[in-house]
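Structure file final.txt; described as compact mmCIF, C-alpha atoms and all ligand atoms.
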```txt
# COMPACT_ATOMS: atom_id res chain seq x y z
CA MET A 1 -80.88 -21.98 8.82
CA SER A 2 -82.08 -24.99 6.81
CA ILE A 3 -80.17 -27.59 4.92
CA ILE A 4 -81.19 -27.73 1.30
CA GLU A 5 -80.11 -31.16 0.06
CA PRO A 6 -83.27 -33.25 -0.05
CA ASN A 7 -81.74 -36.33 1.45
CA SER A 8 -80.29 -34.94 4.65
CA LEU A 9 -82.23 -34.13 7.79
CA LEU A 10 -83.20 -30.51 8.31
CA SER A 11 -81.42 -28.73 11.10
CA VAL A 12 -83.71 -27.53 13.86
CA PRO A 13 -84.06 -23.76 14.19
CA THR A 14 -83.46 -22.38 17.65
CA GLY A 15 -84.46 -19.18 19.40
CA GLN A 16 -87.78 -17.39 19.13
CA LEU A 17 -90.72 -18.96 17.39
CA ARG A 18 -91.00 -16.31 14.73
CA ILE A 19 -91.69 -16.71 11.01
CA LEU A 20 -89.57 -14.55 8.74
CA GLU A 21 -90.02 -13.17 5.24
CA LEU A 22 -88.49 -15.37 2.56
CA PRO A 23 -85.18 -14.04 1.25
CA HIS A 24 -85.60 -12.31 -2.11
CA THR A 25 -84.58 -14.80 -4.76
CA THR A 26 -85.73 -15.14 -8.33
CA GLU A 27 -88.52 -17.59 -7.84
CA GLY A 28 -87.54 -21.11 -8.73
CA ALA A 29 -84.15 -20.07 -10.15
CA ASP A 30 -82.06 -21.70 -7.46
CA GLY A 31 -84.68 -24.25 -6.59
CA GLU A 32 -85.11 -22.75 -3.16
CA SER A 33 -88.54 -21.23 -3.04
CA VAL A 34 -91.66 -23.27 -3.53
CA TYR A 35 -95.29 -22.34 -3.84
CA PHE A 36 -96.61 -24.32 -0.90
CA SER A 37 -95.06 -25.80 2.27
CA LEU A 38 -97.05 -28.31 4.25
CA VAL A 39 -95.90 -29.31 7.73
CA ILE A 40 -96.76 -32.75 9.13
CA PRO A 41 -96.07 -32.84 12.88
CA THR A 42 -95.54 -36.39 14.09
CA TYR A 43 -95.06 -38.26 17.28
CA LYS A 44 -95.13 -42.06 17.10
CA GLU A 45 -96.69 -42.19 13.64
CA ALA A 46 -94.37 -44.80 12.11
CA ALA A 47 -97.40 -46.86 11.08
CA ASN A 48 -98.98 -43.93 9.21
CA ILE A 49 -96.19 -41.85 7.79
CA THR A 50 -95.49 -43.84 4.62
CA LYS A 51 -99.11 -43.87 3.59
CA ILE A 52 -99.73 -40.17 4.22
CA VAL A 53 -96.56 -39.12 2.37
CA GLU A 54 -97.53 -41.31 -0.55
CA ILE A 55 -101.08 -39.89 -0.73
CA LEU A 56 -100.00 -36.27 -0.30
CA CYS A 57 -97.21 -36.50 -2.86
CA SER A 58 -99.41 -38.07 -5.47
CA LEU A 59 -102.12 -35.43 -4.87
CA LEU A 60 -99.77 -32.44 -4.87
CA ASP A 61 -97.52 -33.68 -7.69
CA GLU A 62 -100.55 -33.61 -9.90
CA ALA A 63 -102.03 -30.36 -8.62
CA LEU A 64 -98.87 -28.29 -8.22
CA ASN A 65 -96.40 -29.93 -10.54
CA ARG A 66 -93.94 -30.51 -7.69
CA ASP A 67 -93.90 -26.86 -6.70
CA TYR A 68 -94.34 -27.74 -3.04
CA GLU A 69 -92.60 -29.36 -0.10
CA LEU A 70 -93.70 -31.64 2.71
CA ILE A 71 -91.93 -31.09 6.01
CA VAL A 72 -92.22 -33.85 8.59
CA VAL A 73 -91.33 -32.55 12.05
CA ASP A 74 -90.85 -35.47 14.37
CA ASP A 75 -90.03 -35.24 18.05
CA ASP A 76 -87.55 -38.10 18.06
CA SER A 77 -90.33 -40.67 18.25
CA PRO A 78 -89.29 -43.91 19.94
CA ASP A 79 -90.94 -45.83 17.08
CA GLY A 80 -88.49 -44.18 14.68
CA THR A 81 -91.06 -42.14 12.68
CA TRP A 82 -88.35 -39.73 11.54
CA GLU A 83 -86.23 -42.61 10.27
CA VAL A 84 -89.10 -44.06 8.29
CA ALA A 85 -89.87 -40.61 6.87
CA HIS A 86 -86.23 -40.00 6.07
CA SER A 87 -85.97 -43.30 4.23
CA LEU A 88 -88.78 -42.09 1.93
CA SER A 89 -87.04 -38.89 0.88
CA GLN A 90 -85.11 -40.60 -1.95
CA GLN A 91 -88.37 -41.70 -3.47
CA TYR A 92 -90.16 -38.40 -2.77
CA PRO A 93 -87.79 -35.47 -3.41
CA GLN A 94 -90.38 -32.99 -2.14
CA LEU A 95 -90.16 -34.51 1.33
CA ARG A 96 -87.95 -32.96 4.01
CA VAL A 97 -87.60 -34.31 7.52
CA MET A 98 -86.72 -32.67 10.83
CA ARG A 99 -85.84 -34.68 13.91
CA ARG A 100 -86.17 -32.63 17.10
CA GLN A 101 -84.39 -33.90 20.17
CA ASN A 102 -84.30 -30.90 22.48
CA GLU A 103 -87.84 -29.61 22.16
CA ARG A 104 -91.27 -31.24 22.29
CA GLY A 105 -94.86 -30.33 21.66
CA LEU A 106 -97.28 -30.10 18.78
CA SER A 107 -97.49 -26.32 18.44
CA SER A 108 -93.76 -25.69 18.51
CA ALA A 109 -93.23 -28.56 16.03
CA VAL A 110 -95.53 -26.82 13.54
CA ILE A 111 -93.83 -23.46 14.01
CA ARG A 112 -90.33 -24.95 13.67
CA GLY A 113 -91.51 -26.56 10.46
CA TRP A 114 -92.82 -23.25 9.11
CA GLN A 115 -89.51 -21.61 10.07
CA VAL A 116 -87.61 -23.79 7.63
CA ALA A 117 -90.38 -23.70 5.02
CA ARG A 118 -89.68 -22.07 1.65
CA GLY A 119 -93.23 -21.47 0.52
CA GLN A 120 -95.39 -18.35 0.46
CA ILE A 121 -98.31 -20.52 1.48
CA LEU A 122 -97.88 -22.48 4.70
CA GLY A 123 -100.01 -25.30 6.02
CA VAL A 124 -100.39 -28.03 8.59
CA ILE A 125 -102.00 -31.47 8.49
CA ASP A 126 -102.01 -34.31 11.06
CA GLY A 127 -99.80 -37.28 10.30
CA ASP A 128 -102.35 -39.92 11.27
CA LEU A 129 -104.64 -39.75 8.21
CA GLN A 130 -107.51 -38.27 10.24
CA HIS A 131 -107.48 -35.22 7.99
CA PRO A 132 -108.68 -36.19 4.50
CA PRO A 133 -105.88 -35.10 2.13
CA ASP A 134 -108.17 -34.16 -0.79
CA VAL A 135 -109.57 -31.23 1.25
CA LEU A 136 -106.12 -29.64 0.78
CA LEU A 137 -106.94 -28.67 -2.79
CA ARG A 138 -110.07 -26.84 -1.70
CA LEU A 139 -108.11 -25.05 1.02
CA LEU A 140 -105.46 -24.06 -1.50
CA HIS A 141 -108.14 -22.80 -3.82
CA SER A 142 -109.55 -20.58 -1.04
CA ILE A 143 -106.14 -19.02 -0.48
CA GLU A 144 -105.78 -18.45 -4.21
CA GLN A 145 -109.17 -16.73 -4.14
CA GLY A 146 -107.81 -14.18 -1.63
CA ALA A 147 -108.19 -15.67 1.84
CA ASP A 148 -105.33 -15.11 4.29
CA LEU A 149 -106.33 -18.22 6.20
CA ALA A 150 -108.25 -21.30 5.05
CA VAL A 151 -109.45 -23.62 7.78
CA ALA A 152 -110.78 -27.16 7.40
CA SER A 153 -113.83 -27.24 9.66
CA ARG A 154 -115.78 -30.08 11.25
CA HIS A 155 -118.64 -27.74 12.00
CA LEU A 156 -119.84 -26.75 8.56
CA GLU A 157 -122.63 -28.46 6.71
CA ASP A 158 -120.43 -30.99 4.92
CA GLY A 159 -118.23 -31.50 7.97
CA GLY A 160 -118.40 -33.67 11.07
CA VAL A 161 -116.70 -36.12 13.36
CA SER A 162 -117.05 -39.76 12.47
CA ARG A 163 -117.52 -41.73 15.69
CA TRP A 164 -116.87 -39.46 18.64
CA ASN A 165 -118.73 -40.45 21.79
CA PHE A 166 -120.91 -38.03 23.74
CA ILE A 167 -118.16 -37.15 26.25
CA ARG A 168 -115.65 -36.21 23.57
CA ARG A 169 -118.23 -34.10 21.71
CA PHE A 170 -119.26 -32.45 24.97
CA LEU A 171 -115.67 -31.67 25.97
CA SER A 172 -114.90 -30.28 22.53
CA ARG A 173 -117.98 -28.04 22.53
CA GLY A 174 -117.43 -27.05 26.16
CA ALA A 175 -113.88 -26.00 25.29
CA GLN A 176 -115.21 -23.94 22.40
CA VAL A 177 -117.82 -22.17 24.57
CA LEU A 178 -115.17 -21.43 27.21
CA GLY A 179 -112.98 -19.96 24.49
CA LEU A 180 -115.88 -17.87 23.18
CA ILE A 181 -116.25 -16.38 26.64
CA ILE A 182 -112.55 -15.76 27.33
CA LEU A 183 -111.47 -14.81 23.82
CA PRO A 184 -114.51 -14.03 21.66
CA GLY A 185 -112.49 -11.94 19.22
CA VAL A 186 -110.35 -14.96 18.32
CA LEU A 187 -112.56 -18.03 18.66
CA GLY A 188 -115.61 -16.24 17.30
CA ARG A 189 -113.97 -15.77 13.93
CA VAL A 190 -114.20 -19.38 12.79
CA SER A 191 -116.66 -22.22 13.28
CA ASP A 192 -113.96 -24.73 14.25
CA PRO A 193 -111.25 -22.93 16.24
CA MET A 194 -109.90 -26.31 17.42
CA SER A 195 -109.03 -27.38 13.89
CA GLY A 196 -105.47 -28.58 13.33
CA TYR A 197 -105.85 -28.59 9.56
CA PHE A 198 -105.40 -25.23 7.83
CA LEU A 199 -103.39 -23.14 5.37
CA LEU A 200 -102.30 -19.53 5.55
CA ARG A 201 -100.34 -16.93 3.68
CA ARG A 202 -96.86 -16.46 5.06
CA SER A 203 -97.43 -12.70 4.94
CA ALA A 204 -100.25 -13.06 7.46
CA ILE A 205 -97.90 -14.35 10.12
CA VAL A 206 -94.53 -12.80 9.27
CA GLY A 207 -92.93 -11.08 12.22
CA ALA A 208 -95.30 -12.42 14.86
CA THR A 209 -93.66 -14.27 17.73
CA LEU A 210 -95.74 -17.33 18.42
CA ASN A 211 -96.18 -19.11 21.70
CA PRO A 212 -95.66 -22.86 21.91
CA VAL A 213 -98.21 -23.49 24.69
CA GLY A 214 -100.92 -26.00 24.00
CA TYR A 215 -102.18 -28.08 21.15
CA LYS A 216 -104.21 -25.44 19.32
CA ILE A 217 -101.88 -23.65 16.99
CA LEU A 218 -104.78 -22.13 15.04
CA LEU A 219 -105.69 -19.93 18.03
CA GLU A 220 -102.15 -18.62 18.07
CA VAL A 221 -102.29 -17.84 14.36
CA ILE A 222 -105.61 -15.98 14.58
CA GLY A 223 -104.67 -14.28 17.86
CA ARG A 224 -101.23 -13.04 16.91
CA GLY A 225 -101.24 -13.05 13.13
CA ASN A 226 -102.47 -10.35 10.81
CA ILE A 227 -105.42 -12.27 9.44
CA GLY A 228 -107.92 -10.46 7.22
CA GLN A 229 -110.15 -12.69 5.18
CA ILE A 230 -110.80 -16.23 6.41
CA ALA A 231 -112.30 -19.11 4.44
CA GLU A 232 -113.55 -22.44 5.73
CA VAL A 233 -114.01 -25.81 4.05
CA GLY A 234 -116.07 -28.60 5.64
CA TYR A 235 -114.47 -31.99 6.30
CA VAL A 236 -115.17 -35.13 8.26
CA PHE A 237 -112.58 -35.96 10.90
CA CYS A 238 -111.85 -39.66 10.27
CA GLU A 239 -111.16 -42.27 12.91
CA ARG A 240 -107.56 -43.17 13.60
CA ARG A 241 -106.68 -46.54 12.04
CA GLU A 242 -103.07 -46.90 13.18
CA GLY A 243 -101.03 -45.59 16.10
CA GLU A 244 -102.46 -43.95 19.18
CA SER A 245 -103.84 -40.57 20.21
CA LYS A 246 -101.58 -38.24 22.19
CA VAL A 247 -104.47 -36.27 23.65
CA THR A 248 -104.53 -36.41 27.45
CA TRP A 249 -106.07 -34.30 30.21
CA LYS A 250 -102.93 -32.19 30.15
CA GLN A 251 -104.06 -30.81 26.79
CA TYR A 252 -107.27 -29.46 28.36
CA VAL A 253 -105.30 -27.75 31.13
CA ASP A 254 -102.83 -26.37 28.59
CA TYR A 255 -105.74 -25.11 26.52
CA ILE A 256 -107.09 -22.99 29.39
CA HIS A 257 -103.60 -21.70 30.11
CA HIS A 258 -103.22 -20.86 26.43
CA LEU A 259 -106.53 -18.94 26.34
CA ILE A 260 -105.49 -16.88 29.35
CA LEU A 261 -102.07 -16.10 27.88
CA LEU A 262 -103.60 -15.07 24.57
CA ARG A 263 -106.23 -13.01 26.31
CA ARG A 264 -103.56 -11.19 28.31
CA SER A 265 -101.41 -10.37 25.35
CA THR A 266 -103.87 -9.95 22.51
CA GLY A 267 -107.49 -10.56 23.44
CA LYS A 268 -108.24 -7.11 24.76
CA PHE A 269 -107.12 -5.43 21.60
CA LYS A 270 -108.84 -7.66 19.09
CA LYS A 271 -112.01 -6.02 17.86
CA ILE A 272 -115.10 -8.09 18.39
CA HIS A 273 -117.60 -7.75 15.66
CA PHE A 274 -120.88 -7.43 17.55
CA PRO A 275 -123.89 -7.59 15.21
CA ILE A 276 -126.15 -4.96 16.74
CA GLY A 277 -129.03 -5.43 14.28
CA ARG A 278 -129.18 -9.15 14.89
CA PHE A 279 -128.98 -8.60 18.64
CA LEU A 280 -131.93 -6.18 18.55
CA ARG A 281 -133.99 -8.68 16.58
CA PHE A 282 -133.01 -11.39 19.04
CA GLY A 283 -134.07 -9.11 21.92
CA LEU A 284 -137.46 -8.39 20.32
CA VAL A 285 -138.05 -12.09 19.79
CA GLY A 286 -137.11 -12.66 23.44
CA LEU A 287 -139.69 -10.05 24.44
CA SER A 288 -142.37 -11.81 22.40
CA GLY A 289 -141.39 -14.96 24.33
CA VAL A 290 -142.22 -13.22 27.61
CA PHE A 291 -145.78 -12.56 26.40
CA VAL A 292 -146.18 -16.12 25.12
CA ASP A 293 -144.87 -17.48 28.42
CA MET A 294 -147.31 -15.29 30.40
CA ALA A 295 -150.29 -16.16 28.21
CA VAL A 296 -149.69 -19.92 28.36
CA LEU A 297 -149.08 -19.74 32.11
CA TYR A 298 -152.42 -17.96 32.47
CA LEU A 299 -154.22 -20.55 30.35
CA LEU A 300 -152.75 -23.46 32.26
CA HIS A 301 -152.55 -22.20 35.82
CA ASP A 302 -155.24 -19.59 36.43
CA PRO A 303 -158.17 -20.79 38.61
CA THR A 304 -160.57 -19.47 35.96
CA THR A 305 -158.96 -21.62 33.25
CA LEU A 306 -157.27 -25.07 33.63
CA SER A 307 -155.83 -24.43 37.14
CA LEU A 308 -152.94 -26.87 36.75
CA PRO A 309 -150.14 -26.83 39.38
CA LEU A 310 -147.73 -23.88 39.06
CA THR A 311 -144.46 -25.78 38.38
CA ARG A 312 -145.99 -27.99 35.71
CA SER A 313 -147.64 -24.95 34.09
CA LYS A 314 -144.40 -23.00 34.17
CA ILE A 315 -142.35 -25.82 32.57
CA ILE A 316 -144.87 -26.05 29.73
CA SER A 317 -145.18 -22.27 29.28
CA GLY A 318 -141.37 -21.91 29.35
CA GLU A 319 -140.94 -24.55 26.65
CA VAL A 320 -143.70 -23.03 24.51
CA ALA A 321 -141.88 -19.69 24.79
CA ILE A 322 -138.62 -21.38 23.72
CA ILE A 323 -140.40 -22.89 20.70
CA ASN A 324 -141.86 -19.47 19.88
CA ASN A 325 -138.44 -17.81 20.15
CA PHE A 326 -136.75 -20.48 18.09
CA PHE A 327 -139.36 -20.14 15.36
CA TRP A 328 -138.97 -16.36 15.03
CA ASN A 329 -135.21 -16.43 15.35
CA ASP A 330 -135.03 -19.06 12.63
CA ILE A 331 -137.21 -17.23 10.17
CA TRP A 332 -136.21 -13.68 11.08
CA THR A 333 -133.14 -13.04 13.27
CA PHE A 334 -130.97 -15.64 11.53
CA ALA A 335 -132.98 -16.09 8.35
CA ASP A 336 -129.88 -15.76 6.13
CA VAL A 337 -128.14 -18.64 7.90
CA ALA A 338 -131.26 -20.80 8.22
CA MET A 339 -132.01 -20.42 4.49
CA GLN A 340 -128.81 -22.31 3.72
CA GLN A 341 -129.73 -25.21 6.01
CA ARG A 342 -133.37 -25.93 5.40
CA GLU A 343 -133.65 -29.68 5.89
CA TRP A 344 -135.78 -30.88 8.81
CA ARG A 345 -132.81 -32.69 10.33
CA GLN A 346 -130.83 -29.46 10.31
CA ARG A 347 -133.70 -27.46 11.80
CA LEU A 348 -134.14 -30.05 14.55
CA LYS A 349 -130.44 -29.94 15.37
CA ARG A 350 -130.61 -26.14 15.68
CA PHE A 351 -133.69 -26.38 17.84
CA LEU A 352 -132.05 -28.86 20.24
CA LYS A 353 -128.95 -26.69 20.52
CA PHE A 354 -131.11 -23.61 21.12
CA ASN A 355 -132.93 -25.47 23.91
CA ILE A 356 -129.71 -26.56 25.64
CA ILE A 357 -128.15 -23.11 25.37
CA CYS A 358 -131.30 -21.41 26.73
CA LEU A 359 -131.38 -23.90 29.60
CA ALA A 360 -127.77 -23.08 30.44
CA GLY A 361 -128.81 -19.41 30.16
CA LEU A 362 -131.48 -19.99 32.78
CA VAL A 363 -128.94 -21.53 35.17
CA LEU A 364 -126.65 -18.56 34.54
CA ASN A 365 -129.57 -16.21 35.17
CA VAL A 366 -130.29 -17.73 38.60
CA LEU A 367 -126.60 -17.78 39.49
CA ILE A 368 -126.00 -14.12 38.60
CA LEU A 369 -129.21 -13.06 40.35
CA ASN A 370 -127.98 -14.68 43.58
CA LEU A 371 -124.45 -13.35 43.25
CA VAL A 372 -125.53 -9.78 42.56
CA TYR A 373 -128.28 -9.84 45.18
CA ASN A 374 -126.02 -11.26 47.92
CA PHE A 375 -122.76 -9.47 47.17
CA VAL A 376 -123.43 -6.33 45.12
CA ILE A 377 -126.90 -4.73 45.30
CA HIS A 378 -129.42 -5.96 47.82
CA ASN A 379 -132.34 -5.24 45.53
CA ALA A 380 -133.97 -8.24 43.86
CA TYR A 381 -135.33 -6.30 40.87
CA ILE A 382 -132.11 -4.54 39.96
CA ALA A 383 -130.22 -7.81 40.50
CA ASN A 384 -132.75 -9.56 38.27
CA LEU A 385 -132.34 -6.95 35.52
CA ILE A 386 -128.57 -7.45 35.56
CA ALA A 387 -129.01 -11.24 35.53
CA ILE A 388 -131.43 -11.02 32.60
CA ALA A 389 -129.03 -8.78 30.67
CA VAL A 390 -126.10 -11.20 31.17
CA ALA A 391 -128.21 -14.25 30.29
CA THR A 392 -129.55 -12.52 27.16
CA ILE A 393 -126.03 -11.75 25.94
CA TRP A 394 -125.02 -15.35 26.69
CA ASN A 395 -128.05 -16.72 24.84
CA PHE A 396 -127.43 -14.48 21.88
CA TRP A 397 -123.68 -14.94 21.56
CA VAL A 398 -123.54 -18.71 22.05
CA ASN A 399 -126.52 -19.29 19.76
CA LEU A 400 -124.93 -17.02 17.19
CA LYS A 401 -121.73 -19.05 17.27
CA LEU A 402 -123.10 -22.57 17.74
CA SER A 403 -126.74 -22.86 16.68
CA TRP A 404 -126.82 -20.56 13.67
CA ARG A 405 -123.04 -20.48 13.47
CA VAL A 406 -122.34 -17.02 12.17
CA THR A 407 -118.60 -16.60 11.73
CA GLN A 408 -116.59 -14.05 9.81
CA VAL A 409 -116.02 -16.59 7.13
CA LYS A 410 -116.78 -15.72 3.57
N1 LIG B 501 -93.93 -33.29 16.59
C1 LIG B 501 -94.96 -33.57 17.41
N2 LIG B 501 -96.11 -34.02 16.89
C2 LIG B 501 -97.13 -34.32 17.74
C3 LIG B 501 -97.03 -34.17 19.14
N3 LIG B 501 -98.21 -34.55 19.69
C4 LIG B 501 -99.00 -34.93 18.68
N4 LIG B 501 -98.36 -34.80 17.50
C5 LIG B 501 -98.86 -35.09 16.15
O1 LIG B 501 -99.92 -34.18 15.92
C6 LIG B 501 -100.99 -34.80 15.20
C7 LIG B 501 -102.26 -34.73 16.03
O2 LIG B 501 -102.13 -35.48 17.23
P1 LIG B 501 -103.21 -36.55 17.73
O3 LIG B 501 -102.71 -37.22 18.95
O4 LIG B 501 -103.59 -37.41 16.60
O5 LIG B 501 -104.40 -35.60 18.16
P2 LIG B 501 -105.89 -35.54 17.61
O6 LIG B 501 -105.92 -35.94 16.17
O7 LIG B 501 -106.43 -34.22 17.99
O8 LIG B 501 -106.63 -36.63 18.48
P3 LIG B 501 -107.09 -38.13 18.12
O9 LIG B 501 -108.41 -38.04 17.42
O10 LIG B 501 -107.24 -38.74 19.47
O11 LIG B 501 -106.03 -38.77 17.28
C8 LIG B 501 -100.50 -36.21 14.90
O12 LIG B 501 -99.88 -36.22 13.65
C9 LIG B 501 -99.48 -36.47 15.99
O13 LIG B 501 -98.52 -37.43 15.63
C10 LIG B 501 -95.78 -33.68 19.66
O14 LIG B 501 -95.60 -33.51 20.87
N5 LIG B 501 -94.80 -33.39 18.76
MG MG B 502 -105.21 -37.62 15.54
```

Written as structure tokens, that's how I'd like the structure from this file.
Amino acid sequence: MSIIEPNSLLSVPTGQLRILELPHTTEGADGESVYFSLVIPTYKEAANITKIVEILCSLLDEALNRDYELIVVDDDSPDGTWEVAHSLSQQYPQLRVMRRQNERGLSSAVIRGWQVARGQILGVIDGDLQHPPDVLLRLLHSIEQGADLAVASRHLEDGGVSRWNFIRRFLSRGAQVLGLIILPGVLGRVSDPMSGYFLLRRSAIVGATLNPVGYKILLEVIGRGNIGQIAEVGYVFCERREGESKVTWKQYVDYIHHLILLRRSTGKFKKIHFPIGRFLRFGLVGLSGVFVDMAVLYLLHDPTTLSLPLTRSKIISGEVAIINNFFWNDIWTFADVAMQQREWRQRLKRFLKFNIICLAGLVLNVLILNLVYNFVIHNAYIANLIAIAVATIWNFWVNLKLSWRVTQVK
């Protein structure tokens, strides 16, 4: 399938996007197998490729004593990225280059790269230097410690995005929430399911036929692979210095299509880990919020007390209840998570997220109440109960995944 001489271009595999077992060879004897194969998908990255190859080779030469390979998979970029990469392969014998002319797309590029890979550990990193290369060693370490999948995450304490504007952050988070609703068993497993920087054991993906739709290959791996333990390492997504982004609106449409396809073929069967104990605590805290809300409303609105207008009183009592709920959830329901992030800045961030999610929950509550009342059961109290139940699950699940960020990660 692949061509072994380091200086020639790799031939492009055809057919299904399936990763196979490595043929049984005495490791290292014929120079074929390597410990680690890292794929760099590229499209119009001529300005970045030399630098990233140089950095990665110097890092991995030292860490792995050349027991690795870099596989650049370029989709025949008009700026000649593949040519630039190919011209480097004399200098860097660990580098292999594939030029694809009949297929396009980020996900399929990564899979085609893994198909020719000779390592037991597979990985992917962007070719535009937005993924800090030194994080690779921590990801490798996690795999060595027993993880099947190690994901570089922007949403852990030491992670982040450098200069994203509000719209990009909002779209990214919105996409994550949508995914949590459509495919909770897949997206709920990691804090950054949109990450394009991760490593996995070949054995975790062998035999699975992957789908090339979309930009988010990690979803495919978690959805269709046989992934047990997952590890995450925080990183800051750097700004692009050279070249241009390939992200367009089409990627958002493809993403939704991808979620639906995955849901149809795998989502139903993936077990969702639903933390009952936490949910009960969350429910009790919510109940305490009802009493707080009522008491404050009485103090503010009742003619025998302050007799303020109803709407103003309700806004204040609602917010006091949210503060009450946040407080108890932080020190009780999610105490284990909160203990690890105790700075005031971190608490404030959680509180703001909790507020926004609860507000969205309120909108959902009103929407469901109207839908059920008008189209299902013409009884306002039963409809309200159903709406409250749905909004409570929403509040719990989204807060669990975004505010206190409980994933299955060890
Ligand atoms: N082979 C191949 N690589 C691609 C394709 N689209 C993007 N890439 C590469 O995939 C990586 C990620 O693409 P970017 O456009 O940087 O996407 P991003 O990093 O999520 O977004 P930005 O922050 O806007 O750069 C880069 O190395 C791209 O060159 C494609 O269709 N084929
Ligand atoms: Mg990029």

Q: Using only C-alpha atoms, determine which residues lie at most 10 Å from stretch 186-190 of chain A, disregarding the query and same-chain residues fewer than 2 positions distant; provide the list as a PyMOL selection string.
A: chain A and resi 150-151+153+155+176-184+192-195+218-224+230-232+259+262-263+266-267+270-273+397-398+400-402+405-409

Q: Throw together the list of residues within 10 Å of ligand MG 502 (chain B), counting only C-alpha atoms and all ligand atoms, and drop it here as a VMD selection string.
A: chain A and resid 42 45 125 to 131 196 237 to 247

Q | Separation of atom O14 of ligand LIG 501 (chain B) from atom CA of A:Ala109, in Å and rounded to one decimal | A | 7.3 Å

Can you list every residue of stretch 269-296 of chain A that has an atom at most 12 Å from stretch 303-317 of chain A, with its nearest atom pair and the distance in Å to one decimal, using only C-alpha atoms, ordered by chain then number, as a tab-separated table?
```
residue	atom	partner	partner_atom	distance
A:Gly289	CA	A:Ser317	CA	9.6
A:Val290	CA	A:Ser317	CA	9.7
A:Phe291	CA	A:Ser317	CA	10.1
A:Val292	CA	A:Ser317	CA	7.5
A:Asp293	CA	A:Ser317	CA	4.9
A:Met294	CA	A:Ser317	CA	7.4
A:Ala295	CA	A:Ser317	CA	8.0
A:Val296	CA	A:Ser317	CA	5.2
```

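Each of A:Leu20, A:Leu106, A:Leu38, A:Leu287 was checked against ligand LIG 501 (chain B) using all atoms listed in the file; the smallest atom-to-atom distance is that of A:Leu106.
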
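Checking A:Val124, A:Ala338, A:Ala380, A:Ile55 one by one against ligand LIG 501 (chain B), counting all atoms listed in the file, you find the shortest gap at A:Val124.
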
Q) At most 9 Å from (-137.5, -12.4, 17.1), file frame, all atoms listed in the file: which residues, as an NGL selection string? A) :A and (280-289 or 324-333)

Q: Rank A:Leu136, A:Leu299, A:Leu9, A:Ile52 by their smallest atom-to-atom distance to ligand LIG 501 (chain B), using only C-alpha atoms and all ligand atoms, and report the top residue only.
A: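 So, comparing all the options, the nearest one is A:Ile52.
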
Q: Point out the residue among A:Leu371, A:Val72, A:Leu22, A:Val34 with the least atom-to-atom distance to ligand LIG 501 (chain B), counting only C-alpha atoms and all ligand atoms.
A: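 Comparing A:Leu371, A:Val72, A:Leu22, A:Val34 against ligand LIG 501 (chain B), the winner is A:Val72.
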
Q. Nearest to ligand LIG 501 (chain B): which of A:Gln90, A:Gln16, A:Thr248, A:Ser33 is it, counting all atoms listed in the file?
A.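 Between A:Gln90, A:Gln16, A:Thr248, A:Ser33, the residue approaching ligand LIG 501 (chain B) most closely is A:Thr248.
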
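In this model, the gap between atom CA of A:Ile19 and atom CA of A:Arg202 comes to 7.9 Å.
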
Mind listing whatever residues come within 12 Å of the point (-131.2, -9.9, 33.0)? Use all atoms listed in the file, file coordinates, and give them as a PDB file with C-alpha atoms, in the frame of the given file.
```pdb
ATOM      1  CA  GLY A 283    -134.070  -9.110  21.920  1.00  0.00           C
ATOM      2  CA  GLY A 286    -137.110 -12.660  23.440  1.00  0.00           C
ATOM      3  CA  GLY A 361    -128.810 -19.410  30.160  1.00  0.00           C
ATOM      4  CA  LEU A 362    -131.480 -19.990  32.780  1.00  0.00           C
ATOM      5  CA  LEU A 364    -126.650 -18.560  34.540  1.00  0.00           C
ATOM      6  CA  ASN A 365    -129.570 -16.210  35.170  1.00  0.00           C
ATOM      7  CA  VAL A 366    -130.290 -17.730  38.600  1.00  0.00           C
ATOM      8  CA  LEU A 367    -126.600 -17.780  39.490  1.00  0.00           C
ATOM      9  CA  ILE A 368    -126.000 -14.120  38.600  1.00  0.00           C
ATOM     10  CA  LEU A 369    -129.210 -13.060  40.350  1.00  0.00           C
ATOM     11  CA  VAL A 372    -125.530  -9.780  42.560  1.00  0.00           C
ATOM     12  CA  ALA A 380    -133.970  -8.240  43.860  1.00  0.00           C
ATOM     13  CA  TYR A 381    -135.330  -6.300  40.870  1.00  0.00           C
ATOM     14  CA  ILE A 382    -132.110  -4.540  39.960  1.00  0.00           C
ATOM     15  CA  ALA A 383    -130.220  -7.810  40.500  1.00  0.00           C
ATOM     16  CA  ASN A 384    -132.750  -9.560  38.270  1.00  0.00           C
ATOM     17  CA  LEU A 385    -132.340  -6.950  35.520  1.00  0.00           C
ATOM     18  CA  ILE A 386    -128.570  -7.450  35.560  1.00  0.00           C
ATOM     19  CA  ALA A 387    -129.010 -11.240  35.530  1.00  0.00           C
ATOM     20  CA  ILE A 388    -131.430 -11.020  32.600  1.00  0.00           C
ATOM     21  CA  ALA A 389    -129.030  -8.780  30.670  1.00  0.00           C
ATOM     22  CA  VAL A 390    -126.100 -11.200  31.170  1.00  0.00           C
ATOM     23  CA  ALA A 391    -128.210 -14.250  30.290  1.00  0.00           C
ATOM     24  CA  THR A 392    -129.550 -12.520  27.160  1.00  0.00           C
ATOM     25  CA  ILE A 393    -126.030 -11.750  25.940  1.00  0.00           C
ATOM     26  CA  TRP A 394    -125.020 -15.350  26.690  1.00  0.00           C
ATOM     27  CA  ASN A 395    -128.050 -16.720  24.840  1.00  0.00           C
TER      28      ASN A 395
END
```

Q. From the set A:Val84, A:Val110, A:Val236, A:Ala117, which residue has the shortest atom-to-atom contact distance to A:Gly159, counting only C-alpha atoms?
A. A:Val236
